[in-house]
Amino acid sequence: MTEAELCTVYKGISIPTSQHTPQSLKYFEEFSFRPDDIIIATYPKSGTTWTQEIVPLIVSGGDPASVETLPNWKRAPWLEKTLNVTLEERPSPRLSTTHMWYNMMPPSFFEVKPKVINVVRNPRDVLTSSFHYYGMAAHLVNPGSKSKFLHKFLDGKVLFGTWFDHVKSWLNAEDKEHVIHISYEEMLMNMKKNNMSNYSTVPESVVMDQTKSEFLRKGLSGDWKNDLTVAEAEYFDAVYKDKMKDVEYKFVWD
């Protein structure tokens with residue numbers, strides 16, 4: 001299938017049609033937040049799964065029961081995806097997850113001002129992880145060559161648009177006191193063996209073929225050095241420097 005058949009354009013960004021139906025997007029847009037809600041906000045392949053593992057443990061006071069028995073997408077469900085999980089009847093504090101930009105959040109978000117954990121990751125590693133993910137995900141078009149995907153990534157012609165604008169949208173959030181920023185590199189740990197996190201319980205034909213690449217592939221920082229040529233890395237760095245020149249936030253990889 002073509003990219004046009006597999007993806008939908010929503011507010012200017014590309015999202016997987018199979019996972020973001022009109023019904024799920026309507027649910028997202030009309031969602032009513034509570035002040036003590038906790039939202040995990042990330043760009044894809046930036047440590048979302050690991051954060052969905054850590055935050056429930058903190059909320060439960062370290063009790064591993066739910067982490068060991070409940071898949072992460074039910075512990076901290078996606079606000080914009082169709083997963084047959086609703087949050088209305090859950091007790092506070094409710095956990096949820098989103099890949100949406102700050103300015104794309106629903107009206108209730110800006111009115112109520114819930115708590116947000118924004119996780120960012122070195123974009124060079126995001127690129128590498130995304131390239132392998134696109135090659136094994138059933139709901140996405142094959143990424144093609146590494147060089148071709150590099151340009152698509154830097155141009156924002158990938159899921160959820162450009163990394164640069166996504167990250168800057170959350171860094172520039174108006175309600176800064178309600179948003180905490182943390183990097184993948186700061187919370188790095190190994191969760192590859194946890195069946196409640198690594199999506200091994202999901203049928204291969206439905207979402208992804210992990211014989212091609214594991215969902216939690218390596219869980220490393222700096223793996224981009226093994227995938228990018230010197231020329232590709234230099235080109236990436238030039239684009240990064242230009243796109244992030246107006247950002248004062250200090251990332252651990254800078």
# chains A, B, ... in the order shown; residues from 1 in each chain; ligands from 1
call {"tool": "residues_around", "arguments": {"residues": "A:Val252", "least_positions_apart": "5", "cutoff": "9 Å", "atoms": "only C-alpha atoms", "output": "PyMOL selection string"}}
result
chain A and resi 122+183+185-186
call {"tool": "residues_around", "arguments": {"residues": "A:Leu57", "least_positions_apart": "2", "cutoff": "12 Å", "atoms": "only C-alpha atoms", "output": "list in words"}}
result
Trp50, Thr51, Gln52, Glu53, Ile54, Val55, Val59, Ser60, Gly61, Gly62, Asp63, Pro64, Ala65, Ser66, Val67, Glu68, Asn72, Arg75, Ala76 and Leu95 of chain A
call {"tool": "write_last_selection", "arguments": {"atoms": "N, CA, C and O atoms", "output": "PDB file, in the first residue's frame"}}
result
ATOM      1  N   TRP A  50       9.526   3.253  27.666  1.00  0.00           N
ATOM      2  CA  TRP A  50      10.222   3.205  28.948  1.00  0.00           C
ATOM      3  C   TRP A  50       9.574   4.141  29.966  1.00  0.00           C
ATOM      4  O   TRP A  50       9.488   3.833  31.154  1.00  0.00           O
ATOM      5  N   THR A  51       9.097   5.285  29.490  1.00  0.00           N
ATOM      6  CA  THR A  51       8.419   6.214  30.385  1.00  0.00           C
ATOM      7  C   THR A  51       7.097   5.635  30.866  1.00  0.00           C
ATOM      8  O   THR A  51       6.697   5.824  32.026  1.00  0.00           O
ATOM      9  N   GLN A  52       6.409   4.907  29.980  1.00  0.00           N
ATOM     10  CA  GLN A  52       5.161   4.240  30.355  1.00  0.00           C
ATOM     11  C   GLN A  52       5.416   3.140  31.383  1.00  0.00           C
ATOM     12  O   GLN A  52       4.497   2.681  32.056  1.00  0.00           O
ATOM     13  N   GLU A  53       6.639   2.722  31.512  1.00  0.00           N
ATOM     14  CA  GLU A  53       7.029   1.720  32.500  1.00  0.00           C
ATOM     15  C   GLU A  53       7.378   2.379  33.842  1.00  0.00           C
ATOM     16  O   GLU A  53       7.012   1.899  34.911  1.00  0.00           O
ATOM     17  N   ILE A  54       8.073   3.494  33.760  1.00  0.00           N
ATOM     18  CA  ILE A  54       8.578   4.164  34.953  1.00  0.00           C
ATOM     19  C   ILE A  54       7.483   4.899  35.719  1.00  0.00           C
ATOM     20  O   ILE A  54       7.379   4.778  36.948  1.00  0.00           O
ATOM     21  N   VAL A  55       6.681   5.679  35.008  1.00  0.00           N
ATOM     22  CA  VAL A  55       5.689   6.534  35.672  1.00  0.00           C
ATOM     23  C   VAL A  55       4.671   5.738  36.482  1.00  0.00           C
ATOM     24  O   VAL A  55       4.375   6.096  37.634  1.00  0.00           O
ATOM     25  N   VAL A  59       3.789   6.239  40.474  1.00  0.00           N
ATOM     26  CA  VAL A  59       2.431   6.513  40.943  1.00  0.00           C
ATOM     27  C   VAL A  59       1.957   5.454  41.932  1.00  0.00           C
ATOM     28  O   VAL A  59       1.254   5.750  42.903  1.00  0.00           O
ATOM     29  N   SER A  60       2.366   4.191  41.688  1.00  0.00           N
ATOM     30  CA  SER A  60       1.935   3.098  42.564  1.00  0.00           C
ATOM     31  C   SER A  60       2.823   2.938  43.790  1.00  0.00           C
ATOM     32  O   SER A  60       2.657   2.001  44.571  1.00  0.00           O
ATOM     33  N   GLY A  61       3.775   3.826  43.951  1.00  0.00           N
ATOM     34  CA  GLY A  61       4.667   3.741  45.100  1.00  0.00           C
ATOM     35  C   GLY A  61       5.645   2.600  45.004  1.00  0.00           C
ATOM     36  O   GLY A  61       6.154   2.107  46.014  1.00  0.00           O
ATOM     37  N   GLY A  62       5.919   2.163  43.784  1.00  0.00           N
ATOM     38  CA  GLY A  62       6.875   1.078  43.567  1.00  0.00           C
ATOM     39  C   GLY A  62       6.258  -0.295  43.469  1.00  0.00           C
ATOM     40  O   GLY A  62       6.968  -1.281  43.249  1.00  0.00           O
ATOM     41  N   ASP A  63       4.925  -0.386  43.597  1.00  0.00           N
ATOM     42  CA  ASP A  63       4.247  -1.684  43.481  1.00  0.00           C
ATOM     43  C   ASP A  63       4.292  -2.138  42.031  1.00  0.00           C
ATOM     44  O   ASP A  63       3.728  -1.484  41.149  1.00  0.00           O
ATOM     45  N   PRO A  64       4.965  -3.272  41.721  1.00  0.00           N
ATOM     46  CA  PRO A  64       5.145  -3.706  40.344  1.00  0.00           C
ATOM     47  C   PRO A  64       3.966  -4.491  39.759  1.00  0.00           C
ATOM     48  O   PRO A  64       4.027  -4.925  38.608  1.00  0.00           O
ATOM     49  N   ALA A  65       2.888  -4.667  40.514  1.00  0.00           N
ATOM     50  CA  ALA A  65       1.782  -5.524  40.073  1.00  0.00           C
ATOM     51  C   ALA A  65       1.248  -5.160  38.696  1.00  0.00           C
ATOM     52  O   ALA A  65       1.167  -6.010  37.793  1.00  0.00           O
ATOM     53  N   SER A  66       0.883  -3.894  38.491  1.00  0.00           N
ATOM     54  CA  SER A  66       0.297  -3.506  37.207  1.00  0.00           C
ATOM     55  C   SER A  66       1.324  -3.559  36.082  1.00  0.00           C
ATOM     56  O   SER A  66       1.013  -3.914  34.950  1.00  0.00           O
ATOM     57  N   VAL A  67       2.570  -3.211  36.395  1.00  0.00           N
ATOM     58  CA  VAL A  67       3.636  -3.224  35.394  1.00  0.00           C
ATOM     59  C   VAL A  67       3.900  -4.641  34.894  1.00  0.00           C
ATOM     60  O   VAL A  67       4.239  -4.857  33.728  1.00  0.00           O
ATOM     61  N   GLU A  68       3.753  -5.617  35.775  1.00  0.00           N
ATOM     62  CA  GLU A  68       4.034  -7.009  35.416  1.00  0.00           C
ATOM     63  C   GLU A  68       2.856  -7.707  34.748  1.00  0.00           C
ATOM     64  O   GLU A  68       3.021  -8.759  34.139  1.00  0.00           O
ATOM     65  N   ASN A  72       1.592  -1.778  28.630  1.00  0.00           N
ATOM     66  CA  ASN A  72       1.802  -0.340  28.851  1.00  0.00           C
ATOM     67  C   ASN A  72       0.750   0.524  28.173  1.00  0.00           C
ATOM     68  O   ASN A  72       0.424   1.604  28.657  1.00  0.00           O
ATOM     69  N   ARG A  75      -1.935   0.792  30.654  1.00  0.00           N
ATOM     70  CA  ARG A  75      -1.552   1.536  31.853  1.00  0.00           C
ATOM     71  C   ARG A  75      -1.599   3.041  31.604  1.00  0.00           C
ATOM     72  O   ARG A  75      -2.100   3.807  32.419  1.00  0.00           O
ATOM     73  N   ALA A  76      -1.037   3.441  30.483  1.00  0.00           N
ATOM     74  CA  ALA A  76      -1.011   4.859  30.105  1.00  0.00           C
ATOM     75  C   ALA A  76      -1.481   4.952  28.664  1.00  0.00           C
ATOM     76  O   ALA A  76      -0.688   5.113  27.739  1.00  0.00           O
ATOM     77  N   LEU A  95      -3.179   8.244  34.010  1.00  0.00           N
ATOM     78  CA  LEU A  95      -2.008   8.324  33.146  1.00  0.00           C
ATOM     79  C   LEU A  95      -2.442   8.194  31.693  1.00  0.00           C
ATOM     80  O   LEU A  95      -3.318   7.383  31.372  1.00  0.00           O
TER      81      LEU A  95
END
call {"tool": "select_by_dssp", "arguments": {"residues": "stretch 3-193 of chain A", "states": "helix (DSSP H, G or I)", "output": "JSON, numbers by chain"}}
result
{"A": [3, 4, 5, 6, 22, 23, 24, 25, 26, 27, 28, 29, 48, 49, 50, 51, 52, 53, 54, 55, 56, 57, 58, 59, 65, 66, 67, 68, 69, 72, 73, 74, 75, 102, 103, 104, 107, 108, 109, 110, 111, 112, 123, 124, 125, 126, 127, 128, 129, 130, 131, 132, 133, 134, 135, 136, 146, 147, 148, 149, 150, 151, 152, 153, 154, 163, 164, 165, 166, 167, 168, 169, 170, 171, 176, 177, 178, 184, 185, 186, 187]}
call {"tool": "closest_residue", "arguments": {"among": "A:Met1, A:Leu79, A:Val85, A:Val112", "to": "A:Pro35", "atoms": "only C-alpha atoms"}}
result
A:Val112
call {"tool": "residues_around", "arguments": {"residues": "A:Pro93", "least_positions_apart": "6", "cutoff": "10 Å", "atoms": "only C-alpha atoms", "output": "VMD selection string"}}
result
chain A and resid 34 to 38 59 115
call {"tool": "residues_around", "arguments": {"residues": "A:Ile40", "least_positions_apart": "6", "cutoff": "6 Å", "atoms": "only C-alpha atoms", "output": "list in words"}}
result
Thr97, Val116 and Ile117 of chain A
call {"tool": "write_last_selection", "arguments": {"atoms": "N, CA and C atoms", "output": "tab-separated table (two decimals), in the first residue's frame"}}
result
chain	number	residue	atom	x	y	z
A	97	THR	N	-0.91	8.97	27.30
A	97	THR	CA	0.25	9.19	26.44
A	97	THR	C	-0.19	9.88	25.15
A	116	VAL	N	2.48	17.31	32.71
A	116	VAL	CA	3.05	16.70	31.50
A	116	VAL	C	4.50	16.31	31.73
A	117	ILE	N	4.85	15.10	31.30
A	117	ILE	CA	6.24	14.65	31.29
A	117	ILE	C	6.64	14.57	29.82
call {"tool": "closest_residue", "arguments": {"among": "A:Glu232, A:Asp246, A:Asp254, A:Glu3", "to": "A:Lys168", "atoms": "only C-alpha atoms"}}
result
A:Asp246
call {"tool": "residues_around", "arguments": {"residues": "A:Thr8", "least_positions_apart": "2", "cutoff": "12 Å", "atoms": "only C-alpha atoms", "output": "PyMOL selection string"}}
result
chain A and resi 2-6+10-22+25+139-140+158-161
call {"tool": "atom_distance", "arguments": {"atom1": "atom CA of A:Pro56", "atom2": "atom CA of A:His181"}}
result
17.5 Å
call {"tool": "atom_distance", "arguments": {"atom1": "atom CA of A:Ser221", "atom2": "atom CA of A:Lys241"}}
result
19.8 Å
call {"tool": "residues_around", "arguments": {"residues": "A:Val120", "least_positions_apart": "3", "cutoff": "8 Å", "atoms": "only C-alpha atoms", "output": "JSON, numbers by chain"}}
result
{"A": [42, 43, 46, 47, 167, 181, 182, 183, 184]}
call {"tool": "write_last_selection", "arguments": {"atoms": "C-alpha atoms", "output": "short mmCIF file (atom, residue, chain, number, x, y, z; two decimals), in the first residue's frame"}}
result
data_model
loop_
_atom_site.label_atom_id
_atom_site.label_comp_id
_atom_site.auth_asym_id
_atom_site.auth_seq_id
_atom_site.Cartn_x
_atom_site.Cartn_y
_atom_site.Cartn_z
CA THR A 42 6.92 12.37 23.22
CA TYR A 43 8.01 12.38 19.61
CA SER A 46 12.07 8.85 21.98
CA GLY A 47 11.63 6.63 25.01
CA VAL A 167 10.24 19.33 20.43
CA HIS A 181 11.34 17.95 30.39
CA ILE A 182 13.57 14.89 30.63
CA SER A 183 15.77 13.17 28.08
CA TYR A 184 15.92 9.55 27.03
#
